[in-house]
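> Here you go, this is my_file_32.cif (mmCIF, C-alpha atoms).
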```
data_model
loop_
_atom_site.label_atom_id
_atom_site.label_comp_id
_atom_site.auth_asym_id
_atom_site.auth_seq_id
_atom_site.Cartn_x
_atom_site.Cartn_y
_atom_site.Cartn_z
CA MET N 1218 25.56 117.64 92.93
CA LYS N 1219 23.61 120.60 94.44
CA LYS N 1220 26.74 121.73 96.24
CA TYR N 1221 28.57 122.14 92.93
CA LYS N 1222 25.73 123.51 90.78
CA LEU N 1223 27.43 126.88 90.28
CA GLU N 1224 30.71 125.24 89.27
CA ILE N 1225 28.87 122.98 86.79
CA THR N 1226 27.00 126.01 85.44
CA VAL N 1227 30.20 128.00 84.81
CA PHE N 1228 31.84 124.97 83.19
CA LEU N 1229 28.90 124.48 80.79
CA LEU N 1230 28.56 128.21 80.07
CA ARG N 1231 32.13 128.52 78.85
CA GLY N 1232 31.69 125.43 76.68
CA ILE N 1233 28.54 126.96 75.15
CA THR N 1234 30.34 130.30 74.63
CA MET N 1235 33.06 128.61 72.58
CA MET N 1236 30.46 126.66 70.62
CA LEU N 1237 28.76 129.95 69.76
CA GLU N 1238 32.08 131.35 68.54
CA LEU N 1239 32.42 128.48 66.07
CA VAL N 1240 28.73 128.77 65.18
CA ALA N 1241 29.22 132.49 64.47
CA ALA N 1242 31.78 131.70 61.78
CA ARG N 1243 29.39 129.25 60.09
CA VAL N 1244 26.43 131.64 60.28
CA LEU N 1245 28.40 134.52 58.73
CA ALA N 1246 30.37 132.52 56.15
CA PRO N 1247 27.81 132.41 53.27
CA TYR N 1248 27.40 136.19 53.47
CA VAL N 1249 30.85 137.58 54.26
CA GLY N 1250 33.20 134.61 53.87
CA SER N 1251 35.54 133.07 56.43
CA SER N 1252 38.75 135.00 55.86
CA ASN N 1253 41.24 135.96 58.54
CA LEU N 1254 39.52 139.38 58.81
CA ILE N 1255 36.14 137.79 59.49
CA TRP N 1256 37.56 135.41 62.13
CA THR N 1257 39.34 138.38 63.74
CA THR N 1258 36.06 140.29 63.82
CA ILE N 1259 34.12 137.40 65.39
CA ILE N 1260 36.72 136.72 68.09
CA GLY N 1261 37.15 140.43 68.84
CA ILE N 1262 33.43 141.18 69.14
CA MET N 1263 32.79 138.17 71.38
CA LEU N 1264 35.73 139.12 73.61
CA ILE N 1265 34.33 142.65 73.91
CA GLY N 1266 30.94 141.20 74.87
CA MET N 1267 32.57 138.93 77.44
CA SER N 1268 34.68 141.77 78.89
CA LEU N 1269 31.59 143.95 79.37
CA GLY N 1270 29.76 140.96 80.85
CA TYR N 1271 32.51 140.32 83.41
CA TRP N 1272 32.52 144.02 84.38
CA VAL N 1273 28.73 144.36 84.72
CA GLY N 1274 28.43 140.94 86.39
CA GLY N 1275 31.06 141.96 88.93
CA LYS N 1276 29.21 145.17 89.80
CA LEU N 1277 25.91 143.30 90.19
CA ALA N 1278 27.63 140.66 92.32
CA ASP N 1279 28.86 143.31 94.77
CA LYS N 1280 25.42 144.91 95.03
CA ASN N 1281 23.23 141.85 95.53
CA PRO N 1282 24.78 138.43 94.93
CA ASN N 1283 22.05 135.80 94.62
CA ILE N 1284 21.17 132.67 92.67
CA LYS N 1285 17.95 134.21 91.35
CA THR N 1286 19.86 136.84 89.35
CA VAL N 1287 22.09 134.14 87.87
CA SER N 1288 19.02 132.18 86.85
CA GLU N 1289 17.42 135.24 85.23
CA PHE N 1290 20.59 135.89 83.23
CA LEU N 1291 20.48 132.29 82.04
CA PHE N 1292 16.89 132.67 80.84
CA ILE N 1293 17.77 135.87 78.94
CA ALA N 1294 20.85 134.11 77.47
CA CYS N 1295 18.75 131.16 76.29
CA ILE N 1296 16.31 133.48 74.50
CA THR N 1297 19.02 135.60 72.84
CA THR N 1298 20.79 132.41 71.75
CA SER N 1299 17.62 130.85 70.33
CA ILE N 1300 16.97 133.83 68.01
CA ILE N 1301 20.36 133.53 66.25
CA PRO N 1302 18.85 131.70 63.20
CA ILE N 1303 16.15 134.37 62.82
CA SER N 1304 18.78 137.10 63.16
CA GLU N 1305 20.74 135.51 60.31
CA VAL N 1306 17.82 136.08 57.94
CA VAL N 1307 16.62 139.40 59.34
CA ILE N 1308 19.96 141.10 60.02
CA ILE N 1309 22.80 139.62 57.95
CA ASP N 1310 20.80 138.96 54.79
CA ASN N 1311 19.51 142.55 54.75
CA LEU N 1312 22.79 144.17 55.76
CA ILE N 1313 24.69 142.49 52.94
CA LYS N 1314 22.22 144.02 50.45
CA ILE N 1315 22.82 147.59 51.60
CA CYS N 1316 26.53 147.47 52.49
CA ASN N 1317 29.31 146.04 50.32
CA GLU N 1318 31.99 146.32 53.02
CA LEU N 1319 32.13 142.76 54.32
CA VAL N 1320 34.06 143.59 57.49
CA ILE N 1321 31.49 146.26 58.46
CA VAL N 1322 28.68 143.77 57.88
CA ALA N 1323 30.56 141.22 60.00
CA ILE N 1324 31.14 143.71 62.84
CA ILE N 1325 27.50 144.83 62.99
CA SER N 1326 26.15 141.28 62.62
CA ALA N 1327 28.49 139.76 65.20
CA THR N 1328 27.71 142.57 67.66
CA LEU N 1329 23.94 142.31 67.36
CA ILE N 1330 23.66 138.54 67.07
CA PHE N 1331 26.51 137.12 69.19
CA GLY N 1332 27.62 140.03 71.37
CA ILE N 1333 24.52 139.89 73.59
CA PRO N 1334 24.67 136.13 74.40
CA SER N 1335 28.42 136.50 75.07
CA PHE N 1336 27.70 139.38 77.45
CA MET N 1337 24.98 137.49 79.35
CA LEU N 1338 27.01 134.28 79.69
CA ALA N 1339 30.15 136.09 80.86
CA ALA N 1340 28.28 138.14 83.48
CA ILE N 1341 27.44 134.98 85.39
CA SER N 1342 31.06 134.06 86.27
CA PRO N 1343 31.78 136.93 88.72
CA MET N 1344 28.36 136.37 90.30
CA ALA N 1345 29.24 132.72 90.82
CA VAL N 1346 32.57 133.69 92.43
CA LYS N 1347 30.85 136.13 94.81
CA ILE N 1348 28.09 133.69 95.80
CA LYS N 1349 30.57 130.85 96.42
CA ASN N 1350 32.80 133.18 98.43
CA GLU N 1351 29.84 134.14 100.63
CA GLU N 1352 29.44 130.43 101.36
CA GLU N 1353 33.09 129.42 101.82
CA LYS N 1354 34.98 132.68 102.57
CA ALA N 1355 37.97 131.76 100.39
CA VAL N 1356 38.04 134.21 97.47
CA GLY N 1357 41.41 133.11 96.08
CA LYS N 1358 40.50 129.43 96.06
CA ILE N 1359 37.01 130.09 94.63
CA SER N 1360 38.16 132.47 91.85
CA GLY N 1361 40.93 130.04 90.89
CA LYS N 1362 38.50 127.10 90.77
CA ILE N 1363 35.92 129.02 88.73
CA SER N 1364 38.59 130.26 86.29
CA SER N 1365 40.00 126.77 85.92
CA LEU N 1366 36.58 125.21 85.30
CA SER N 1367 35.64 127.89 82.78
CA THR N 1368 38.89 127.29 80.87
CA ILE N 1369 38.36 123.52 80.86
CA GLY N 1370 34.79 124.10 79.68
CA SER N 1371 36.12 126.30 76.85
CA ILE N 1372 38.55 123.60 75.74
CA ILE N 1373 35.98 120.80 75.80
CA GLY N 1374 33.31 122.97 74.16
CA THR N 1375 35.69 123.88 71.33
CA PHE N 1376 36.73 120.29 70.59
CA VAL N 1377 33.23 118.82 70.95
CA ALA N 1378 31.68 121.48 68.69
CA GLY N 1379 34.45 121.47 66.07
CA PHE N 1380 35.10 117.74 65.79
CA ILE N 1381 31.72 116.19 66.64
CA LEU N 1382 28.68 118.44 66.77
CA ILE N 1383 29.05 120.77 63.76
CA PRO N 1384 29.72 118.05 61.13
CA ASN N 1385 27.19 115.61 62.61
CA ILE N 1386 24.18 117.63 63.79
CA GLY N 1387 24.73 121.05 62.22
CA VAL N 1388 24.71 124.62 63.47
CA ARG N 1389 20.90 124.99 63.76
CA ASN N 1390 20.64 122.01 66.11
CA ILE N 1391 23.62 123.20 68.17
CA ILE N 1392 21.84 126.53 68.72
CA LEU N 1393 18.63 124.76 69.78
CA ILE N 1394 20.47 122.36 72.14
CA SER N 1395 22.48 125.24 73.66
CA SER N 1396 19.29 127.25 74.24
CA ILE N 1397 17.55 124.33 75.93
CA LEU N 1398 20.64 123.56 78.03
CA LEU N 1399 20.71 127.19 79.24
CA TRP N 1400 16.99 126.91 80.05
CA ILE N 1401 17.59 123.73 82.07
CA MET N 1402 20.42 125.39 84.01
CA GLY N 1403 18.15 128.36 84.73
CA ILE N 1404 15.48 126.05 86.15
CA CYS N 1405 17.99 124.09 88.25
CA LEU N 1406 19.32 127.28 89.83
CA TYR N 1407 15.98 129.01 90.42
CA ASN N 1408 15.11 128.47 94.09
CA ASN N 1409 11.61 129.76 94.81
CA LYS N 1410 9.48 128.06 92.16
CA ASN N 1411 5.76 128.80 92.29
CA LYS N 1412 2.96 128.37 89.76
CA LYS N 1413 3.67 131.73 88.15
CA THR N 1414 7.40 131.19 87.70
CA VAL N 1415 6.89 127.61 86.46
CA SER N 1416 4.37 128.91 83.92
CA ILE N 1417 6.85 131.54 82.73
CA MET N 1418 9.57 128.89 82.41
CA ILE N 1419 7.30 126.65 80.33
CA VAL N 1420 6.39 129.60 78.10
CA ILE N 1421 10.10 130.31 77.57
CA LEU N 1422 10.74 126.67 76.57
CA ILE N 1423 7.81 126.68 74.13
CA ALA N 1424 9.09 129.97 72.73
CA ILE N 1425 12.58 128.53 72.20
CA ILE N 1426 11.23 125.54 70.27
CA GLY N 1427 8.77 127.73 68.36
CA ILE N 1428 11.53 130.17 67.41
CA ASN N 1429 13.63 127.29 66.06
CA ILE N 1430 10.75 126.01 63.89
CA TYR N 1431 9.85 129.50 62.70
CA SER N 1432 13.47 130.38 61.87
CA TYR N 1433 13.71 127.35 59.59
CA LYS N 1434 10.51 128.36 57.78
CA LEU N 1435 11.68 131.98 57.54
CA PHE N 1436 15.02 130.90 56.06
CA LYS N 1437 13.28 128.69 53.46
CA ASP N 1438 10.80 131.43 52.55
CA LYS N 1439 13.58 134.02 52.18
CA ASN N 1440 15.86 131.63 50.26
CA PRO N 1441 13.61 129.40 48.12
CA ASP N 1442 16.55 128.69 45.78
CA ILE N 1443 18.53 126.93 48.56
CA ILE N 1444 17.60 123.24 48.46
CA LYS N 1445 20.33 121.99 50.79
CA ASP N 1446 22.08 123.73 53.71
CA VAL N 1447 24.80 121.45 55.08
CA ASP N 1448 27.51 121.82 57.72
CA SER N 1449 30.59 119.70 57.10
CA GLU N 1450 33.84 119.45 59.02
CA TYR N 1451 35.29 122.20 56.86
CA SER N 1452 32.52 124.43 55.55
CA ARG N 1453 28.92 125.49 55.41
CA ILE N 1454 27.66 124.30 52.02
CA TRP N 1455 24.65 125.56 50.09
CA VAL N 1456 23.15 123.75 47.10
CA LYS N 1457 20.92 126.06 45.06
CA GLU N 1458 18.57 125.77 42.11
CA ILE N 1459 18.67 128.93 40.02
CA LYS N 1460 15.92 129.15 37.43
CA ASN N 1461 14.59 131.80 35.10
CA GLU N 1462 13.53 132.00 31.45
CA ASN N 1463 17.05 131.43 30.13
CA ILE N 1464 18.87 129.30 32.70
CA ASN N 1465 18.27 126.29 34.90
CA TYR N 1466 21.35 125.74 37.04
CA LYS N 1467 22.11 123.71 40.15
CA THR N 1468 24.98 125.27 42.09
CA LEU N 1469 27.23 124.42 45.01
CA GLN N 1470 28.33 127.35 47.18
CA VAL N 1471 30.97 127.36 49.93
CA ASP N 1472 31.27 130.58 51.94
CA THR N 1473 30.56 133.32 49.38
CA GLY N 1474 32.16 131.41 46.52
CA LEU N 1475 30.47 129.41 43.76
CA GLU N 1476 32.40 126.12 43.73
CA SER N 1477 30.54 124.16 41.02
CA TYR N 1478 27.40 124.25 38.93
CA ILE N 1479 25.63 122.26 36.24
CA ASP N 1480 23.06 123.02 33.57
CA GLN N 1481 20.08 120.95 34.72
CA ASN N 1482 18.63 120.84 31.21
CA THR N 1483 21.71 119.18 29.70
CA GLY N 1484 23.52 117.82 32.78
CA GLU N 1485 26.72 119.50 31.56
CA MET N 1486 29.14 121.38 33.79
CA GLY N 1487 28.44 125.09 33.76
CA ALA N 1488 31.88 126.54 34.44
CA GLU N 1489 33.50 127.14 31.04
CA TYR N 1490 37.05 127.20 32.44
CA LEU N 1491 36.80 123.51 33.35
CA LYS N 1492 36.79 122.61 29.65
CA TYR N 1493 40.43 123.71 29.46
CA PHE N 1494 41.36 120.70 31.58
CA ASP N 1495 40.65 118.62 28.47
CA LEU N 1496 43.89 120.05 27.05
CA PHE N 1497 45.76 117.27 28.86
CA ASP N 1498 44.56 114.97 26.06
CA TYR N 1499 45.79 117.41 23.38
CA TYR N 1500 49.27 117.72 24.83
CA ASN N 1501 49.62 114.03 25.63
CA GLU N 1502 47.26 111.87 23.61
CA ASN N 1503 48.60 108.75 25.31
CA ALA N 1504 47.61 110.00 28.75
CA ASN N 1505 45.46 107.38 30.50
CA SER N 1506 45.75 108.27 34.18
CA VAL N 1507 44.77 111.65 35.62
CA LEU N 1508 44.91 113.07 39.13
CA MET N 1509 42.54 115.91 40.02
CA ILE N 1510 43.03 117.90 43.22
CA GLY N 1511 39.74 119.48 44.30
CA GLY N 1512 36.46 117.71 43.66
CA ALA N 1513 33.67 119.94 45.04
CA ALA N 1514 30.55 118.82 43.11
CA TYR N 1515 32.74 116.64 40.84
CA THR N 1516 31.41 118.32 37.69
CA TYR N 1517 34.68 117.89 35.80
CA PRO N 1518 35.29 114.26 36.91
CA ILE N 1519 31.71 113.41 35.79
CA HIS N 1520 32.45 115.04 32.42
CA TYR N 1521 35.81 113.24 32.19
CA LEU N 1522 34.35 109.79 32.92
CA ASP N 1523 31.67 110.35 30.31
CA LYS N 1524 34.09 111.58 27.62
CA TYR N 1525 37.08 109.29 28.27
CA SER N 1526 35.61 105.87 29.02
CA ASN N 1527 39.01 104.19 28.63
CA LYS N 1528 40.91 106.49 31.00
CA THR N 1529 41.08 106.62 34.81
CA ILE N 1530 40.88 109.56 37.18
CA ASP N 1531 41.82 109.88 40.85
CA VAL N 1532 40.14 112.76 42.70
CA VAL N 1533 41.49 114.23 45.93
CA GLU N 1534 38.71 115.95 47.90
CA ILE N 1535 39.29 116.82 51.54
CA ASP N 1536 35.59 117.04 52.46
CA GLU N 1537 33.58 113.79 52.49
CA LYS N 1538 30.34 115.78 52.64
CA MET N 1539 31.21 117.26 49.23
CA THR N 1540 31.34 113.77 47.78
CA GLU N 1541 28.01 112.86 49.36
CA ILE N 1542 26.42 116.00 47.92
CA ALA N 1543 27.93 115.29 44.49
CA GLN N 1544 26.28 111.85 44.58
CA GLU N 1545 22.91 113.10 45.82
CA GLU N 1546 22.57 116.29 43.78
CA PHE N 1547 25.00 116.29 40.85
CA GLY N 1548 24.93 112.73 39.49
CA LEU N 1549 28.31 111.39 40.62
CA ASP N 1550 28.62 107.60 40.30
CA THR N 1551 31.17 106.52 42.92
CA ASN N 1552 30.95 102.91 41.69
CA ASN N 1553 32.56 103.74 38.36
CA PRO N 1554 35.67 101.50 38.13
CA ASN N 1555 37.64 104.30 36.44
CA LEU N 1556 37.14 106.64 39.41
CA LYS N 1557 39.09 106.55 42.65
CA ILE N 1558 38.36 109.08 45.41
CA HIS N 1559 40.81 110.10 48.14
CA HIS N 1560 39.32 112.06 51.06
CA GLN N 1561 42.49 113.82 52.05
CA ASP N 1562 44.18 117.21 52.03
CA GLY N 1563 45.66 117.83 48.57
CA ARG N 1564 49.14 118.79 49.78
CA SER N 1565 49.28 115.81 52.12
CA PHE N 1566 48.32 113.50 49.26
CA LEU N 1567 51.06 114.94 47.05
CA ASN N 1568 53.60 114.51 49.84
CA TYR N 1569 52.98 110.81 50.40
CA ASN N 1570 51.51 109.46 47.16
CA ASP N 1571 53.72 107.04 45.22
CA THR N 1572 51.53 106.61 42.12
CA LYS N 1573 52.64 108.40 38.92
CA TYR N 1574 50.09 110.11 36.68
CA ASP N 1575 50.03 111.28 33.07
CA ALA N 1576 48.34 114.53 34.11
CA VAL N 1577 47.63 116.47 37.30
CA LEU N 1578 44.69 118.89 37.26
CA ILE N 1579 44.49 121.40 40.12
CA ASP N 1580 41.14 123.00 40.94
CA ALA N 1581 41.24 123.38 44.72
CA PHE N 1582 39.36 126.30 46.27
CA LYS N 1583 37.50 127.14 49.44
CA GLY N 1584 35.04 129.84 48.58
CA LEU N 1585 37.03 132.40 46.60
CA ASN N 1586 40.45 131.37 47.93
CA ALA N 1587 42.95 128.78 46.78
CA PRO N 1588 44.60 126.86 49.66
CA PHE N 1589 47.96 128.51 50.24
CA GLU N 1590 49.76 125.19 50.70
CA LEU N 1591 48.94 124.25 47.09
CA THR N 1592 50.28 127.49 45.58
CA THR N 1593 53.93 127.35 46.66
CA TYR N 1594 57.07 126.42 44.76
CA GLU N 1595 57.47 123.39 47.04
CA ALA N 1596 53.94 122.25 46.20
CA MET N 1597 54.74 122.36 42.49
CA GLN N 1598 57.84 120.27 43.14
CA LYS N 1599 55.61 117.68 44.82
CA VAL N 1600 53.27 117.78 41.82
CA ARG N 1601 56.23 117.12 39.52
CA ASN N 1602 57.18 114.11 41.64
CA ASN N 1603 53.69 112.69 41.01
CA LEU N 1604 54.07 112.88 37.20
CA LYS N 1605 55.29 110.37 34.65
CA ASP N 1606 58.07 111.46 32.31
CA ASN N 1607 55.77 113.12 29.75
CA GLY N 1608 53.28 114.32 32.33
CA ILE N 1609 51.44 117.63 32.23
CA VAL N 1610 50.06 119.95 34.94
CA ILE N 1611 47.04 122.18 34.38
#
```
Can you dump the structure from the file as structure tokens?


Amino acid sequence: MKKYKLEITVFLLRGITMMLELVAARVLAPYVGSSNLIWTTIIGIMLIGMSLGYWVGGKLADKNPNIKTVSEFLFIACITTSIIPISEVVIIDNLIKICNELVIVAIISATLIFGIPSFMLAAISPMAVKIKNEEEKAVGKISGKISSLSTIGSIIGTFVAGFILIPNIGVRNIILISSILLWIMGICLYNNKNKKTVSIMIVILIAIIGINIYSYKLFKDKNPDIIKDVDSEYSRIWVKEIKNENINYKTLQVDTGLESYIDQNTGEMGAEYLKYFDLFDYYNENANSVLMIGGAAYTYPIHYLDKYSNKTIDVVEIDEKMTEIAQEEFGLDTNNPNLKIHHQDGRSFLNYNDTKYDAVLIDAFKGLNAPFELTTYEAMQKVRNNLKDNGIVI
């Protein structure tokens, strides 16, 4: 294992780099959204950081290639990674208050928060190539092996973060685990350990854990209205309680968009436009079966089930976490026999569903954007195929 410690390090570093890229999108989303422009900004800034890291790391490798320098870069990377949650509150939250250009906020935030860890992690690869070449004298073979391992690490890191870690343990825990993993790699590579260096390493570990705890407290203190901060497969979701003399609302926010809210005093849905969905009953008083695409906090389905006790409603909601939140925070009763929930993409459901409905209600959004695949002529044809003869679409 010792023989391959540099290869293992490079493999893990590239996996962590890709995890941080996905984390960056989640950290920025509630402030600037997750549009194509924001993703372009994140990817571009991190690539710039990596390019500079490769260049500087290559120059350092030619001057004095040694394991100690690699280890020191790892320790700096673990510290700059661990402060990402604090940076969210200190940098992004304040920038968004003084600048209304979301792309500019994204560029500055991504540069300050994610550019530095990207730089530090990338700088290690050319050092690893140089050190291994000093040992084996086969630069082509070594550079090819390191490049291959870093690419494989990127692939695995992307899939593990996107499919497993983000929806199951959340962004904050991924940052903490990544920081500790970088710290462990730094210790494993550091050769000449004495009492002083061991003490410094322990202090760094305590600092990483302390920063994580403090960042959580700082976030709560700065955002007392946020009662739930959840990462799902698809989004970062905030549940807020907004109270003053005149209002008492509970809201559900995805990206920068307000998806749903209720009046906590009455339990009624807050969004007035949702009441227009009741027009299905005006246009077709015999309508008994309704399909709704887009559940979010299920404020309209809850209203529907309360108002029309003799009618059924099927709700298509792609995100299971949304349904869980609707149960926990907004009063959804999933055991109601008149309610059937389909955790599926709305367009996919329309394509393959063979049940006919008296009405189809479409209220699908992510943040401020409607899913493109539900806005096309072909999508409306699919909706028509899901209707009974006198059916209505709202």

> Between N:Leu1223, N:Glu1462, N:Gly1370, N:Met1344, single out the one closest to Asn1281 of chain N, counting all atoms listed in the file.

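Under the stated criterion, the closest residue is N:Met1344.
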
> What residues come out when you apply the PyMOL selection byres ((chain N and resi 1304) around 12) to this file, written as a count of residues only?

32

> Do you have the atom CA of Cys1316 of chain N-atom CA of Lys1437 of chain N distance handy?

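One can read the atom CA of Cys1316 of chain N to atom CA of Lys1437 of chain N distance as 23.0 Å.
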
> For each of N:Met1267, N:Ile1381, N:Ser1342, N:Thr1473, take the minimum atom-to-atom distance to Ile1313 of chain N, counting only C-alpha atoms, then give the residue where this is smallest.

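Going through N:Met1267, N:Ile1381, N:Ser1342, N:Thr1473 one by one, the smallest distance to Ile1313 of chain N is for N:Thr1473.
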
> Using the chain letters and numbers from the file, give me the residues hit by the PyMOL selection byres ((chain N and resi 1233) around 12), as a ChimeraX atom specification.

/N:1226-1232,1234-1240,1291,1294-1295,1298,1331,1334-1335,1337-1339,1367-1378,1382,1391-1399

> Between N:Phe1582, N:Pro1384, N:Thr1258, N:Glu1224, single out the one closest to Ile1359 of chain N, counting all atoms listed in the file.

N:Glu1224

> Taking 5 positions as the minimum chain separation for residues in the same chain, which residues sit within 12 Å of Tyr1493 of chain N when counting all atoms listed in the file? Answer as a list in words.

Ala1488, Asp1498, Tyr1499, Tyr1500, Tyr1517, Tyr1521, Leu1578, Ile1579, Asp1580, Val1610 and Ile1611 of chain N

> Run the PyMOL selection byres ((chain N and resi 1416-1419) around 12) on the file and write out the hits as number ranges by chain.

N: 1288-1289, 1291-1293, 1295-1296, 1397, 1399-1405, 1407, 1410-1415, 1420-1426

> Give me, please, the distance in Å between atom CA of Tyr1221 of chain N and atom CA of Lys1280 of chain N, quoted to one decimal.

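Atom CA of Tyr1221 of chain N sits 23.1 Å away from atom CA of Lys1280 of chain N.
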
> Excluding Ser1449 of chain N and residues on its chain fewer than 3 positions from it, collect all residues at most 7 Å away from it, counting all atoms listed in the file, and give them as a list in words.

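The residues that qualify are Ile1383, Pro1384, Ser1452, Arg1453 and Lys1538 of chain N.
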
> At a cut-off of 7 Å, using all atoms listed in the file, what residues contact Met1486 of chain N? Leave out same-chain residues fewer than 4 positions from it and give the result as a PyMOL selection string.

chain N and resi 1478-1480+1516-1517

> Would you please work out which residue, of N:Phe1547, N:Thr1529, N:Glu1534, N:Asn1350, is nearest to Tyr1466 of chain N when using all atoms listed in the file?

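Closest to Tyr1466 of chain N of all the choices is N:Phe1547.
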
> For atom CA of Lys1528 of chain N and atom CA of Ser1506 of chain N, determine how far apart the two atoms are, in Å to one decimal place.

6.1 Å

> List the neighbours of Val1507 of chain N out to 9 Å using all atoms listed in the file; skip same-chain residues closer than 4 positions along the sequence, and give me the result as a count of residues only.

11

> So, counting all atoms listed in the file, which residue among N:Glu1485, N:Asp1446, N:Asp1472, N:Glu1318 is closest to Asp1523 of chain N?

N:Glu1485

> With only C-alpha atoms as the counted atoms, please give the residues lying no more than 8 Å from segment 1593-1605 of chain N, apart from itself and same-chain residues fewer than 2 positions off, as number ranges by chain.

N: 1564, 1567-1568, 1570-1577, 1589-1591, 1607-1610

> Between N:Ile1225, N:Leu1491, N:Val1287, N:Leu1469, which residue has the minimum interatomic distance to Ile1443 of chain N, considering all atoms listed in the file?

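The shortest atom-to-atom distance to Ile1443 of chain N comes from N:Leu1469.
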